[in-house]
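These notes are about the structure you will find just below.
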Amino acid sequence: MTGIDKQTSKHQIDQLVSSYDYELPQEQIAQTPLSERDGSKLLVVDSPTHHSHHIFRELPQLLQPGDLLILNNTRVIPARLYGRKSTGAPVEILLLEEREHQGQHQSWLALVKPGRRLKPGAEIWFTPSSQVGLNDSSVSKQLTTPLPPLKATVLATDEATSGRILQFDFPEGVSWETLLELYGQVPLPPYIQDSQATPDQYQTIYAQKNGAVAAPTAGLHFTNELLENCRQRGIRLGYITLHVGVGTFRPVEVEDITEHDMHGEWLEVPQSTVEQIQETRATGGRVIAVGTTVVRALEGAVVDGELQPYCGKTNLFIYPGYQWQVVEGLITNFHLPRSSLLMLVSAMVGRERLLSLYQDAIAQGYRFYSFGDAMLILPEARDVPREQGIGNRE
């Protein structure tokens with residue numbers, strides 16, 4: 001087989017979803033975060049053939065003065081609600097995306113369980129969340145009347161997600177944000193079944209803008225002290241917003257990954273961050289994304305090869321062969337098999353190399369997924385790009 005044939009064959013293998021499988025012992029799926037956020041293990045990939053093991057709080061010494069860390073300042077909303085149909089049957093919903101807001105009405109796209117019997121016109125009534133203690137909750141102080149009822153009506157079915165469009169009606173004088181705090185729960189991923197985590201532990205310390213239904217988990221490792229240590233070393237910080245939604249955690253279900261349809265997610269790349277990136281490049285610094293959501297935001301905001309301020313949606317899907325435009329390095333957690341996130345990281349270091357790194361992380365006892373340990377991929381470790389990946393703004 002010639003070198004060209006081998007390259008073509010490898011490229012074809014990279015496009016098979018079954019090529020992104022790996023075996024993980026159940027006990028290495030982290031159920032509860034560490035008491036010290038920056039105490040996680042950090043696997044550092046610093047060349048095409050070398051990696052080493054560190055602790056996350058060592059990050060400032062592993063980067064260079066002049067580097068720029070870009071963080072996602074989205075905030076996870078209490079997006080999981082439990083209610084009952086008018087028949088009394090229990091219903092669980094996960095809010096995905098706000099569709100409309102008019103007065104005391106909110107329309108949302110949501111995943112509903114069980115959803116098969118919830119046809120347009122069905123009503124769901126919600127009870128307060130057990131996560132909220134009404135006696136000492138700050139949101140309860142906003143209420144001057146007894147706890148209001150919260151009702152949702154199914155308006156339509158969404159074919160793209162198999163979800164439902166729900167319209168919520170609530171009394172005047174109470175904000176939607178207050179009701180969510182009272183009735184909703186911060187939604188932990190389904191592989192976290194036995195967690196002692198508090199809602200605050202599923203938020204980054206720099207979370208500001210409400211809208212995500214899952215945390216940008218690479219950022220969970222940062223503390224205020226660690227961020228200050230980065231600044232003192234001459235490492236700058238910039239921010240984008242990408243509200244993590246179904247596009248991030250929806251599984252890839254087609255064998256040919258190029259046929260996977262990414263759901264759009266809302267993002268904002270401000271002018272100030274674009275200027276920071278331009279200044280960093282001009283002075284020889286490196287752009288390091290904190291998390292795959294930052295990658296999608298920055299790469300999704302590129303127009304004709306140039307990063308531009310952007311506010312809107314992207315359905316960018318990055319997999320091996322993608323030509324990188326903005327991001328040079330990446331801090332990321334360890335991701336599920338067959339996930340679009342695993343494919344994105346494979347686009348940076350190569351699929352075979354990444355799976356080999358995962359096997360060493362498993363052997364070294366790393367903790368996986370949202371509350372798990374992290375990986376730092378430095379620019380000098382990146383794989384050589386072959387061809388442009390797919391994906392666009394919506």
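Lettering and numbering for the structure tokens are positional, with chains as A, B, ... in the shown order, residues counted from 1 in each chain, and ligands counted from 1 in the shown order.
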inquiry  = So that I can check the surroundings of A:Tyr239, please list as a ChimeraX atom specification every protein, DNA and RNA residue that reaches within 12 Å of it, counting only C-alpha atoms and ignoring chain neighbours fewer than 3 positions away.
reply    = /A:68-74,206-209,219,236,242,267-277,287-291,293-295,297-298
Using C-alpha atoms, can you write the selected residues to a file as a PDB file, in the first residue's frame?
```pdb
ATOM      1  CA  LEU A  68      -4.275  34.177  26.013  1.00  0.00           C
ATOM      2  CA  LEU A  69      -6.807  31.914  27.723  1.00  0.00           C
ATOM      3  CA  ILE A  70     -10.338  32.212  26.339  1.00  0.00           C
ATOM      4  CA  LEU A  71     -13.091  31.142  28.757  1.00  0.00           C
ATOM      5  CA  ASN A  72     -16.836  30.600  28.328  1.00  0.00           C
ATOM      6  CA  ASN A  73     -18.798  32.741  30.810  1.00  0.00           C
ATOM      7  CA  THR A  74     -22.150  31.040  30.246  1.00  0.00           C
ATOM      8  CA  TYR A 206     -16.707  33.144  36.286  1.00  0.00           C
ATOM      9  CA  ALA A 207     -20.211  32.144  35.109  1.00  0.00           C
ATOM     10  CA  GLN A 208     -22.218  35.286  34.312  1.00  0.00           C
ATOM     11  CA  LYS A 209     -24.721  34.936  31.486  1.00  0.00           C
ATOM     12  CA  GLY A 219     -13.685  25.648  33.239  1.00  0.00           C
ATOM     13  CA  ARG A 236      -4.192  37.142  29.722  1.00  0.00           C
ATOM     14  CA  LEU A 242     -21.761  29.901  24.239  1.00  0.00           C
ATOM     15  CA  LEU A 267     -22.917  32.231  21.046  1.00  0.00           C
ATOM     16  CA  GLU A 268     -21.407  35.675  21.339  1.00  0.00           C
ATOM     17  CA  VAL A 269     -17.842  36.627  20.511  1.00  0.00           C
ATOM     18  CA  PRO A 270     -17.453  40.280  21.545  1.00  0.00           C
ATOM     19  CA  GLN A 271     -15.282  42.864  19.811  1.00  0.00           C
ATOM     20  CA  SER A 272     -13.046  43.088  22.890  1.00  0.00           C
ATOM     21  CA  THR A 273     -12.158  39.390  22.652  1.00  0.00           C
ATOM     22  CA  VAL A 274     -11.452  39.635  18.929  1.00  0.00           C
ATOM     23  CA  GLU A 275      -9.056  42.504  19.662  1.00  0.00           C
ATOM     24  CA  GLN A 276      -7.360  40.501  22.435  1.00  0.00           C
ATOM     25  CA  ILE A 277      -6.780  37.624  20.017  1.00  0.00           C
ATOM     26  CA  VAL A 287      -4.602  31.389  21.839  1.00  0.00           C
ATOM     27  CA  ILE A 288      -5.636  28.615  24.244  1.00  0.00           C
ATOM     28  CA  ALA A 289      -9.321  27.653  24.380  1.00  0.00           C
ATOM     29  CA  VAL A 290     -10.709  26.540  27.729  1.00  0.00           C
ATOM     30  CA  GLY A 291     -13.148  23.874  26.596  1.00  0.00           C
ATOM     31  CA  THR A 293     -17.462  25.206  23.620  1.00  0.00           C
ATOM     32  CA  VAL A 294     -14.879  27.965  23.294  1.00  0.00           C
ATOM     33  CA  VAL A 295     -13.482  26.162  20.243  1.00  0.00           C
ATOM     34  CA  ALA A 297     -17.511  29.761  19.410  1.00  0.00           C
ATOM     35  CA  LEU A 298     -14.192  31.051  18.080  1.00  0.00           C
TER      36      LEU A 298
END
```
task = Please identify all polymer residues within 9 Å of stretch 334-346 of chain A, counting only C-alpha atoms, omitting same-chain residues fewer than 2 positions from it, and present them as a ChimeraX atom specification.
result = /A:14,17-23,247-253,257,262,292,295,317-320,322,330,332,348-355,358,367-370,372-375,383
For A:Val112, work out the shell of residues within 7 Å, counting only C-alpha atoms and skipping chain neighbours fewer than 3 positions away, then give it as a PDB file with all heavy atoms, in the first residue's frame.
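Okay, around10.pdb is ready:
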```
ATOM      1  N   GLU A  92     -41.037  14.622  33.210  1.00  0.00           N
ATOM      2  CA  GLU A  92     -39.745  15.285  33.417  1.00  0.00           C
ATOM      3  C   GLU A  92     -39.387  16.028  32.141  1.00  0.00           C
ATOM      4  O   GLU A  92     -39.493  15.477  31.047  1.00  0.00           O
ATOM      5  CB  GLU A  92     -38.665  14.258  33.739  1.00  0.00           C
ATOM      6  CG  GLU A  92     -37.272  14.848  33.863  1.00  0.00           C
ATOM      7  CD  GLU A  92     -36.206  13.788  34.054  1.00  0.00           C
ATOM      8  OE1 GLU A  92     -36.545  12.660  34.451  1.00  0.00           O
ATOM      9  OE2 GLU A  92     -35.022  14.104  33.783  1.00  0.00           O
ATOM     10  N   ILE A  93     -38.954  17.281  32.273  1.00  0.00           N
ATOM     11  CA  ILE A  93     -38.559  18.031  31.084  1.00  0.00           C
ATOM     12  C   ILE A  93     -37.169  18.626  31.286  1.00  0.00           C
ATOM     13  O   ILE A  93     -36.750  18.914  32.406  1.00  0.00           O
ATOM     14  CB  ILE A  93     -39.567  19.139  30.713  1.00  0.00           C
ATOM     15  CG1 ILE A  93     -39.456  20.321  31.673  1.00  0.00           C
ATOM     16  CG2 ILE A  93     -40.990  18.616  30.672  1.00  0.00           C
ATOM     17  CD1 ILE A  93     -40.144  21.548  31.143  1.00  0.00           C
ATOM     18  N   LEU A  94     -36.472  18.797  30.181  1.00  0.00           N
ATOM     19  CA  LEU A  94     -35.182  19.478  30.168  1.00  0.00           C
ATOM     20  C   LEU A  94     -35.267  20.609  29.156  1.00  0.00           C
ATOM     21  O   LEU A  94     -35.398  20.386  27.950  1.00  0.00           O
ATOM     22  CB  LEU A  94     -34.059  18.514  29.781  1.00  0.00           C
ATOM     23  CG  LEU A  94     -32.661  19.142  29.656  1.00  0.00           C
ATOM     24  CD1 LEU A  94     -32.179  19.654  31.015  1.00  0.00           C
ATOM     25  CD2 LEU A  94     -31.662  18.142  29.072  1.00  0.00           C
ATOM     26  N   GLY A 115     -42.386  11.404  26.354  1.00  0.00           N
ATOM     27  CA  GLY A 115     -42.897  12.404  25.429  1.00  0.00           C
ATOM     28  C   GLY A 115     -43.932  11.903  24.440  1.00  0.00           C
ATOM     29  O   GLY A 115     -44.674  12.692  23.867  1.00  0.00           O
ATOM     30  N   GLY A 163     -38.104  16.756  20.545  1.00  0.00           N
ATOM     31  CA  GLY A 163     -38.578  17.450  21.728  1.00  0.00           C
ATOM     32  C   GLY A 163     -39.937  18.087  21.502  1.00  0.00           C
ATOM     33  O   GLY A 163     -40.643  17.789  20.535  1.00  0.00           O
ATOM     34  N   ARG A 164     -40.318  18.962  22.430  1.00  0.00           N
ATOM     35  CA  ARG A 164     -41.601  19.664  22.361  1.00  0.00           C
ATOM     36  C   ARG A 164     -41.374  21.160  22.529  1.00  0.00           C
ATOM     37  O   ARG A 164     -40.471  21.587  23.239  1.00  0.00           O
ATOM     38  CB  ARG A 164     -42.551  19.176  23.459  1.00  0.00           C
ATOM     39  CG  ARG A 164     -42.896  17.695  23.424  1.00  0.00           C
ATOM     40  CD  ARG A 164     -43.735  17.333  22.214  1.00  0.00           C
ATOM     41  NE  ARG A 164     -44.189  15.940  22.237  1.00  0.00           N
ATOM     42  CZ  ARG A 164     -43.488  14.917  21.784  1.00  0.00           C
ATOM     43  NH1 ARG A 164     -42.269  15.123  21.308  1.00  0.00           N
ATOM     44  NH2 ARG A 164     -43.986  13.689  21.815  1.00  0.00           N
TER      45      ARG A 164
END
```
task = Rank A:Gly285, A:Gly321, A:Val45, A:Leu316 by their smallest atom-to-atom distance to A:Gly66, using only C-alpha atoms, and report the top residue only.
result =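 Once distances to A:Gly66 are computed over only C-alpha atoms, the minimum belongs to A:Gly285.
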inquiry  = Could you pull out the helix (DSSP H, G or I) residues of stretch 150-363 of chain A, going by DSSP on the backbone, and write them as number ranges by chain?
reply    = A: 176-183, 199-202, 217-221, 224-232, 246-249, 257-259, 271-282, 292-300, 340-349, 351-363
ask   = So, counting only C-alpha atoms, which residue among A:Leu81, A:Leu226, A:Ile240, A:Ile205 is closest to A:Pro309?
value =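 Result for the nearest residue to A:Pro309: A:Ile240.
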Gap from atom CA of A:Ala152 to atom CA of A:Pro199 - Å, one decimal =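 These two atoms are separated by 24.4 Å.
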Filtered DSSP result for stretch 67-245 of chain A, state strand (DSSP E or B), as JSON, numbers by chain = {"A": [68, 69, 70, 71, 72, 74, 75, 76, 80, 81, 82, 83, 84, 85, 90, 91, 92, 93, 94, 95, 96, 97, 98, 99, 100, 101, 102, 105, 106, 107, 108, 109, 110, 111, 112, 113, 123, 124, 125, 126, 150, 151, 152, 153, 154, 155, 156, 157, 158, 163, 164, 165, 166, 167, 168, 169, 184, 185, 209, 210, 211, 212, 236, 237, 238, 239, 240, 241, 242]}
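Take the candidates A:Leu24, A:Ile331, A:Ile235, A:Ala363 and check each one against A:Val44 using only C-alpha atoms; the shortest distance goes to A:Ile331.
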Neighbours of A:Ser47 within 7 Å (only C-alpha atoms; same-chain residues fewer than 3 positions away dropped), as an mmCIF file with C-alpha atoms, in the first residue's frame?
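Result file part.cif:
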```
data_model
loop_
_atom_site.group_PDB
_atom_site.id
_atom_site.type_symbol
_atom_site.label_atom_id
_atom_site.label_comp_id
_atom_site.auth_asym_id
_atom_site.auth_seq_id
_atom_site.Cartn_x
_atom_site.Cartn_y
_atom_site.Cartn_z
ATOM 1 C CA HIS A 50 5.290 13.108 24.304
ATOM 2 C CA GLU A 380 3.302 22.166 19.418
ATOM 3 C CA ALA A 381 1.402 18.882 19.895
#
```
request  = For atom CA of A:Thr204 and atom CA of A:Gln61, determine how far apart the two atoms are, in Å to one decimal place.
outcome  =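 So the two atoms, atom CA of A:Thr204 and atom CA of A:Gln61, lie 21.6 Å apart.
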